[in-house]
Structure formats: structure tokens, C-alpha cells
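Taking it in order: structure first as C-alpha cells, then the write-up.
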Amino acid sequence: MISLYTAKEFTNQFISNKTKKQPFADSTLKTVRSIIENVRQNGDTALQEYMEKFDGGAPKNLVVTEEERSAAWEEVPENVVEALQKAAENIRSFHSKQLQQSRMMEVTEEVISGQLFRPIERVGIYVPGGKACYPSSVLMNAIPAVLAGVSHLVMVTPAKAGKIAPILSVAADIAGVQTIYKVGGAQAIAALTYGTESIQPVDKIVGPGNEYVAAAKSLVFGDVGIDMIAGPSEVAILADATSRPEYVAADLIAQAEHDEKARAFLFTTSEQLLNETLIELKKQCASLPRREIAETSFKNEGGAILVGSIDEAFNLVNQLAPEHLEIQIENALSYLGKVKNAGSVFIGNHTPESVGDYFAGPNHVLPTSGTARFSSGLSVDDFIKKTTYVYYSEQALQNAAPYIERIAEKEELAGHGRAVAIRMNNISE
Ligand SMILES: NC(=O)c1ccc[n+]([C@@H]2O[C@H](COP(=O)([O-])OP(=O)(O)OC[C@H]3O[C@@H](n4cnc5c(N)ncnc54)[C@H](O)[C@@H]3O)[C@@H](O)[C@H]2O)c1
Ligand SMILES: N[C@H](CO)Cc1c[nH]c[nH+]1
Ligand SMILES: [Zn+2]
């Protein structure tokens, strides 16, 4: 069911740089390059062509109309709307505490310096709509953008035969998305970057998607900002003899069911827990609607590793830098200090990752494929630019001039030195 590895085998297979795969196949990049070029050249006509090809038809109007948006509320059960609203409240509350004010760093009579925090003006959110439908991703991407003060917030998602899932439209209303376009895939990323007759270009694109979407984001980066290139979803679970095998198995499955390439790992100090978890996995997979996906993921991408100590487990996990880390060992909370690299941490036996995927408040758009070593999950900061400023009085410039001139001389940039010296001459006149 799930492959077993020693610590050494695990390191060779999943951590060593030598075994790291290229992020995108050449054939994917080729396809995506030609889609981007076509959209740049032919705008909406190219979008229609791809919608016919991939999404079962091309709607004439790409925008989800006000009528369609209000009709969507009739199609989503009230208790589901309530769940989305409760989740949105928690996400809003958590992210509102990330907001920072513009601030002065230094204020004297001679010098003022500081930072302006300004929202990115135009943001496009990609919401996957191919094989699955993720209203939670609408909330996770849009709520921090709205809190940051983004003034033009649009969403793209593939329509099926001209219609988007009503629940995505309702989630967009709850989160504060202004316009929804019925287009997905690499073509939507190209449209958001370069604009078409129907879609205005944005300054930044955020949100997860399949390999075509991710490859498109990587290719347009620079012409537009992007959040990250999200790879397949991952979880690492730390368990010991006190852990509950049925919980551990359920949480491994919750990750593996995402897709065949999802990666679910168990690190445990207990052989008994390991064996009982294997039995549970078999039992729980039997009744899983996405059984085949989960089993393929376990077989090809997942792993269970028996370790000698909790410290050894943390050492491996910190090298892996997983998107999600669950600590299900005794006194779990006391181990938080050992976490160096992880996108988001779930502590104790009663905090499955699903709590964070949907409800608790922290963002579920997180760094994958080891990138938690140097990057963080989506937050309000992703929608803010920080502009520094400085003011010098005549006296301040006079005090600094000799130092600036000396460095300019060493860099052989005489113009830089003169820009200061010319002012010193004025002072002495
Ligand atoms: N990390 C996260 O937070 C997170 C959250 C939700 C979903 N996801 C991931 O997002 C992905 C969603 O993928 P999806 O496919 O369901 O939806 P998607 O919306 O990302 O992709 C569907 C689109 O892909 C394009 N496409 C399909 N086949 C193509 C081909 N052969 N050539 C060119 N373009 C093609 C089409 O335009 C189609 O509309 C999954 O991998 C899922 O794991 C990640
Ligand atoms: N686990 C995914 C990546 O963090 C997010 C998600 C959306 N829906 C369910 N799960
Ligand atoms: Zn999930």
C-alpha cells in the first residue's frame, strides 16, 4: 500500500538534489508557450478556441453576469453557505492580524526615513475547475487580497459547457471578488498577464492550478507578479506509540486523495504504530470514493519511515520542508520549537490538516516541493508593496557627504559623488 523506507533510503529518494525532478516536462512547456503566444496575438478568439477544446464549449460572454451570480445562491444549500461564511470569518480574522501600517523608521530634525505599505492595485486569482472544485481556495486567495486593499480583484476559473460551479461564485461573493471570468488553464494566465478584449491585465496572479497553469505562471513571471509555483500537495506526519493509527491513516489519506502525485509521509518511532497504520490505511481506503488516486499516490509518491528518535524525525522533516506538518506525538505542542522548515503545522491529535484546509484561519496556499526552506504561505503581505523613503536636511547631507563620496570613488562612479558634492558647494557659497 504505502512504500516503506529507511531514513537513508528516504533521504536518497526524496531529499537528495540529485533525484530532484525538473518542475515541468518539455512537452508541457512547449504547449504552454504556444498557448500564451496565441492569446497575445489573438485575444478572446484564442480563449474561445481553447475553451472549445478543453472545457466542452465556449460561452460568448466570458464574464459571469450579475444574474448568474445571484442565481448561484439559489443552487447552494443554506448549510453549505453557512459553512463557507464561518470559514471566511476565521480566515478574515486570522489574516487581519497580518496587516501592517506604513511606518517611519527614523525621525530626527535632520533625517526622516520609513516605509510606505501600499496594496497592489490589480490582482487576478486562479481557481482550479478542471477535475475538482475548490471553493475553499477562493476564500484563501481572495480574503487576504481584500484585506490588503486590492482595488481591482478578479477571478478566473474554467467553465464546464459555459457554466462555472455555483459554489465558486458564492464563495467569490463571500470573499469580495469583483469580476469572475469563465476561462481557465494556461490561456487564462496569459489573458490576465497581457489582456484581451474582455479581460484587463493585472499586476499579480495568485492561486493554484494544474501543470499547465503552473507552467504558464512560471513563463509569464516578470511581466506580471506571481505568488508561487505550487507543486503537488504534501503532508508529513510525526507519530509515536501514543498516536492513534486510525487518525494517522485518515490524515495520510486526506492528502493522498488530492491527486496521484500528492505526497504523504509518516515518520514514526513506533513499529507497532506503523503496522497498525498500514492495516488502517487498507481498511479506510476500501470505502474511499477517490480510492484509486489515493492508492496510486501512496504507492508512487508516499512513504512510511521508521526512525530511531523524535530528533531524527525532525531532522528528516526539516530537510524535506513539507507543505504541511502534523505533530501527533505525546506533548505535541512542546515540539513546535523544533520545526525549522514547513509551510503550516498542525499540532496534536485533534488538529487534522482538514482544519487548516478549510476552516481555522491560516492560509492553505503553501510552499511545496521543499520550497518551505525559503518561502512562506500566502498572506496579506503577498498583496502589499513596501516602498522605502528618506528625507535629508542640508545638515544631514553635509554630515554624510565625505562617506558617500569615498564609497562612490571606490565604485568609480564619479557622477554619484558629484550629485553630493554639487550640493556641498552650494552650502559653502
Ligand atoms: N496547493 C493548493 O493549495 C491547491 C489547492 C487546490 C488545488 N490544487 C491543485 O490544483 C490542480 C487543479 O487541477 P485541475 O486540472 O483540476 O484544474 P485546473 O483548473 O488547474 O486546470 C484545468 C484546465 O487545464 C487546461 N488543460 C487540461 N488539459 C490540457 C492539455 N492537455 N493541454 C493544455 N491545457 C490543458 C484546460 O484549459 C483546463 O480548463 C490540482 O493539481 C490540485 O492538486 C492545489
Ligand atoms: N490541501 C490543499 C493544499 O494546501 C488545499 C485544499 C483545498 N481543498 C482541500 N484541500
Ligand atoms: Zn487538502
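Numbering starts fresh at 1 for the residues of each chain in the C-alpha cells, the chains themselves are lettered A, B, ... in the order given, and ligands are numbered from 1 as they appear.
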With a cut-off of 12 Å, could you pull out the residues of chain A touching ligand 3 and give me the nearest pair of atoms for each, distance in Å to one decimal, using only C-alpha atoms and all ligand atoms, ordered by chain and ascending number, as a tab-separated table?
residue	atom	partner	partner_atom_place_in_ligand_line	distance
A:Ala132	CA	ligand 3	1 (Zn)	11.5
A:Cys133	CA	ligand 3	1 (Zn)	11.8
A:Tyr134	CA	ligand 3	1 (Zn)	9.6
A:Pro135	CA	ligand 3	1 (Zn)	11.9
A:Ser136	CA	ligand 3	1 (Zn)	9.6
A:Ser137	CA	ligand 3	1 (Zn)	10.0
A:Pro232	CA	ligand 3	1 (Zn)	10.5
A:Ser233	CA	ligand 3	1 (Zn)	7.3
A:Glu234	CA	ligand 3	1 (Zn)	8.9
A:Val235	CA	ligand 3	1 (Zn)	9.4
A:Asp251	CA	ligand 3	1 (Zn)	9.8
A:Leu252	CA	ligand 3	1 (Zn)	10.6
A:Ile253	CA	ligand 3	1 (Zn)	10.0
A:Ala254	CA	ligand 3	1 (Zn)	6.5
A:Gln255	CA	ligand 3	1 (Zn)	5.9
A:Ala256	CA	ligand 3	1 (Zn)	8.9
A:Glu257	CA	ligand 3	1 (Zn)	8.4
A:His258	CA	ligand 3	1 (Zn)	6.5
A:Asp259	CA	ligand 3	1 (Zn)	10.0
A:Ala262	CA	ligand 3	1 (Zn)	9.8
A:Arg263	CA	ligand 3	1 (Zn)	11.5
A:Ala264	CA	ligand 3	1 (Zn)	11.4
A:Glu323	CA	ligand 3	1 (Zn)	10.7
A:His324	CA	ligand 3	1 (Zn)	9.7
A:Pro352	CA	ligand 3	1 (Zn)	10.3
A:Glu353	CA	ligand 3	1 (Zn)	7.2
A:Ser354	CA	ligand 3	1 (Zn)	6.3
A:Val355	CA	ligand 3	1 (Zn)	9.5
A:Gly356	CA	ligand 3	1 (Zn)	8.5
A:Asp357	CA	ligand 3	1 (Zn)	5.4
A:Tyr358	CA	ligand 3	1 (Zn)	8.2
A:Phe359	CA	ligand 3	1 (Zn)	11.5
A:Asn363	CA	ligand 3	1 (Zn)	11.6
A:His364	CA	ligand 3	1 (Zn)	8.0
A:Val365	CA	ligand 3	1 (Zn)	9.9
A:Leu366	CA	ligand 3	1 (Zn)	10.9
**Message:** Can you work out which residues are within 8 Å of ligand 1, considering only C-alpha atoms and all ligand atoms, and then hand them over as a ChimeraX atom specification?
**Reply:** /A:28,31-32,35,50-51,54-55,126-134,137,157-159,183-188,207-213,230-233,258-259,262,364-368
Can I get the selected residues back with N, CA and C atoms, as a CSV table (one decimal), in the first residue's frame?
chain,number,residue,atom,x,y,z
A,28,THR,N,5.1,20.0,-22.0
A,28,THR,CA,4.2,20.9,-21.3
A,28,THR,C,4.6,22.3,-21.6
A,31,THR,N,3.7,23.3,-25.2
A,31,THR,CA,2.3,23.5,-25.3
A,31,THR,C,1.9,24.9,-24.7
A,32,VAL,N,2.4,25.2,-23.5
A,32,VAL,CA,2.0,26.4,-22.8
A,32,VAL,C,2.6,27.6,-23.5
A,35,ILE,N,0.3,28.4,-26.3
A,35,ILE,CA,-1.0,28.9,-25.9
A,35,ILE,C,-0.8,30.4,-25.5
A,50,TYR,N,-9.6,27.6,-27.1
A,50,TYR,CA,-9.2,26.7,-26.0
A,50,TYR,C,-10.3,26.2,-25.2
A,51,MET,N,-11.3,27.1,-25.0
A,51,MET,CA,-12.5,26.6,-24.2
A,51,MET,C,-13.2,25.6,-25.0
A,54,PHE,N,-10.9,22.3,-24.5
A,54,PHE,CA,-10.7,21.7,-23.2
A,54,PHE,C,-11.9,21.7,-22.3
A,55,ASP,N,-12.8,22.7,-22.5
A,55,ASP,CA,-13.9,22.8,-21.5
A,55,ASP,C,-15.3,22.6,-22.0
A,126,TYR,N,-6.5,32.7,-9.7
A,126,TYR,CA,-6.8,31.5,-10.5
A,126,TYR,C,-7.4,30.5,-9.6
A,127,VAL,N,-8.6,30.0,-9.9
A,127,VAL,CA,-9.3,28.9,-9.1
A,127,VAL,C,-9.4,27.7,-10.0
A,128,PRO,N,-8.8,26.6,-9.5
A,128,PRO,CA,-8.9,25.4,-10.4
A,128,PRO,C,-10.4,24.9,-10.6
A,129,GLY,N,-10.7,24.4,-11.7
A,129,GLY,CA,-12.0,24.0,-12.0
A,129,GLY,C,-12.0,22.8,-13.0
A,130,GLY,N,-10.9,22.1,-13.1
A,130,GLY,CA,-10.8,21.0,-14.0
A,130,GLY,C,-11.5,19.8,-13.4
A,131,LYS,N,-10.6,19.0,-12.7
A,131,LYS,CA,-11.1,17.7,-12.2
A,131,LYS,C,-11.9,18.0,-10.9
A,132,ALA,N,-11.5,19.0,-10.1
A,132,ALA,CA,-12.1,19.2,-8.8
A,132,ALA,C,-12.6,20.7,-8.7
A,133,CYS,N,-13.3,21.0,-7.6
A,133,CYS,CA,-13.8,22.3,-7.5
A,133,CYS,C,-13.5,22.8,-6.0
A,134,TYR,N,-12.8,23.9,-5.9
A,134,TYR,CA,-12.3,24.3,-4.6
A,134,TYR,C,-12.8,25.7,-4.1
A,137,SER,N,-10.4,27.4,-1.9
A,137,SER,CA,-9.3,28.2,-2.5
A,137,SER,C,-9.7,29.6,-2.9
A,157,THR,N,-11.7,31.0,-13.7
A,157,THR,CA,-11.9,29.6,-13.5
A,157,THR,C,-12.5,28.9,-14.7
A,158,PRO,N,-12.1,27.7,-15.0
A,158,PRO,CA,-12.7,27.1,-16.3
A,158,PRO,C,-14.2,26.8,-16.1
A,159,ALA,N,-14.9,27.1,-17.1
A,159,ALA,CA,-16.3,26.8,-17.1
A,159,ALA,C,-16.5,25.4,-17.7
A,183,VAL,N,-12.9,31.4,-17.7
A,183,VAL,CA,-11.7,30.8,-18.5
A,183,VAL,C,-10.7,30.3,-17.6
A,184,GLY,N,-10.1,29.2,-17.9
A,184,GLY,CA,-9.1,28.6,-17.1
A,184,GLY,C,-7.8,28.2,-17.9
A,185,GLY,N,-7.0,27.4,-17.3
A,185,GLY,CA,-5.8,26.9,-18.0
A,185,GLY,C,-4.8,27.9,-18.2
A,186,ALA,N,-3.7,27.6,-19.0
A,186,ALA,CA,-2.7,28.5,-19.4
A,186,ALA,C,-3.2,29.7,-20.1
A,187,GLN,N,-4.3,29.6,-20.8
A,187,GLN,CA,-4.8,30.7,-21.6
A,187,GLN,C,-5.4,31.8,-20.6
A,188,ALA,N,-5.9,31.4,-19.5
A,188,ALA,CA,-6.4,32.4,-18.5
A,188,ALA,C,-5.2,33.1,-17.9
A,207,GLY,N,-2.8,31.8,-6.9
A,207,GLY,CA,-3.7,30.7,-6.9
A,207,GLY,C,-3.1,29.5,-7.6
A,208,PRO,N,-3.6,28.3,-7.1
A,208,PRO,CA,-3.0,27.0,-7.6
A,208,PRO,C,-3.7,26.6,-8.8
A,209,GLY,N,-3.1,25.6,-9.5
A,209,GLY,CA,-3.7,25.0,-10.7
A,209,GLY,C,-2.9,23.8,-11.2
A,210,ASN,N,-3.3,23.2,-12.2
A,210,ASN,CA,-2.6,22.0,-12.7
A,210,ASN,C,-1.2,22.4,-13.4
A,211,GLU,N,-0.6,21.4,-14.0
A,211,GLU,CA,0.8,21.7,-14.5
A,211,GLU,C,0.8,22.7,-15.6
A,212,TYR,N,-0.3,22.8,-16.4
A,212,TYR,CA,-0.4,23.8,-17.5
A,212,TYR,C,-0.5,25.2,-16.9
A,213,VAL,N,-1.3,25.3,-15.8
A,213,VAL,CA,-1.4,26.6,-15.2
A,213,VAL,C,-0.1,27.0,-14.5
A,230,ALA,N,3.0,26.3,-7.2
A,230,ALA,CA,2.7,25.2,-6.3
A,230,ALA,C,2.8,23.9,-7.0
A,231,GLY,N,3.5,23.0,-6.3
A,231,GLY,CA,3.6,21.6,-6.8
A,231,GLY,C,2.5,20.8,-6.2
A,232,PRO,N,2.6,19.4,-6.3
A,232,PRO,CA,1.6,18.6,-5.7
A,232,PRO,C,1.6,18.7,-4.2
A,233,SER,N,0.4,18.6,-3.6
A,233,SER,CA,0.2,18.8,-2.1
A,233,SER,C,1.0,17.7,-1.3
A,258,HIS,N,-5.8,13.9,-2.9
A,258,HIS,CA,-5.8,15.1,-3.8
A,258,HIS,C,-5.5,14.8,-5.2
A,259,ASP,N,-4.4,14.1,-5.4
A,259,ASP,CA,-4.1,13.6,-6.8
A,259,ASP,C,-3.0,12.6,-6.7
A,262,ALA,N,0.2,13.6,-5.2
A,262,ALA,CA,0.3,14.1,-3.9
A,262,ALA,C,1.3,13.2,-3.1
A,364,HIS,N,-4.3,28.1,3.2
A,364,HIS,CA,-3.9,26.8,2.7
A,364,HIS,C,-3.1,26.8,1.4
A,365,VAL,N,-2.8,28.0,0.9
A,365,VAL,CA,-1.9,28.1,-0.2
A,365,VAL,C,-0.5,28.2,0.4
A,366,LEU,N,0.3,27.1,0.2
A,366,LEU,CA,1.5,27.0,1.0
A,366,LEU,C,2.7,26.5,0.1
A,367,PRO,N,3.9,26.8,0.5
A,367,PRO,CA,5.0,26.3,-0.3
A,367,PRO,C,5.2,24.8,-0.4
A,368,THR,N,5.4,24.2,-1.6
A,368,THR,CA,5.5,22.8,-1.7
A,368,THR,C,6.9,22.4,-2.2
**Request:** Check the DSSP output for the backbone and give back, as an NGL selection string, the residues of segment 164-347 of chain A in strand (DSSP E or B).
**Result:** :A and (179-181 or 204-206 or 221 or 224-226 or 234-239 or 263-268 or 303-306 or 324-328 or 344-347)
**Shortest interatomic distance to Met105 of chain A - which of A:Thr11, A:Thr388, A:Gln48, A:Asn425, counting only C-alpha atoms** =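 Using only C-alpha atoms, Met105 of chain A sits closest to A:Thr388.
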**Item:** Given only C-alpha atoms as the counted atoms, nearest of A:Ala72, A:Val111, A:Leu273, A:Val64 to Tyr391 of chain A
**Value:**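 Smallest distance to Tyr391 of chain A is found for A:Val111.
Nearest to Ala419 of chain A of all the residues A:Asp223, A:Glu405, A:Glu89, A:Glu394 is A:Glu405, counting only C-alpha atoms.
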**Request:** Just the residues within 9 Å of Arg122 of chain A, please, counting only C-alpha atoms, with nothing from its chain fewer than 4 positions along; format it as an NGL selection string.
**Result:** :A and (150-154 or 201-205)
**Request:** Give the answer as one residue: which of A:Leu325, A:Leu320, A:Val390, A:Ala241 has the shortest atom-to-atom distance to ligand 2, using only C-alpha atoms and all ligand atoms?
**Result:**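 Nearest to ligand 2: A:Leu325.
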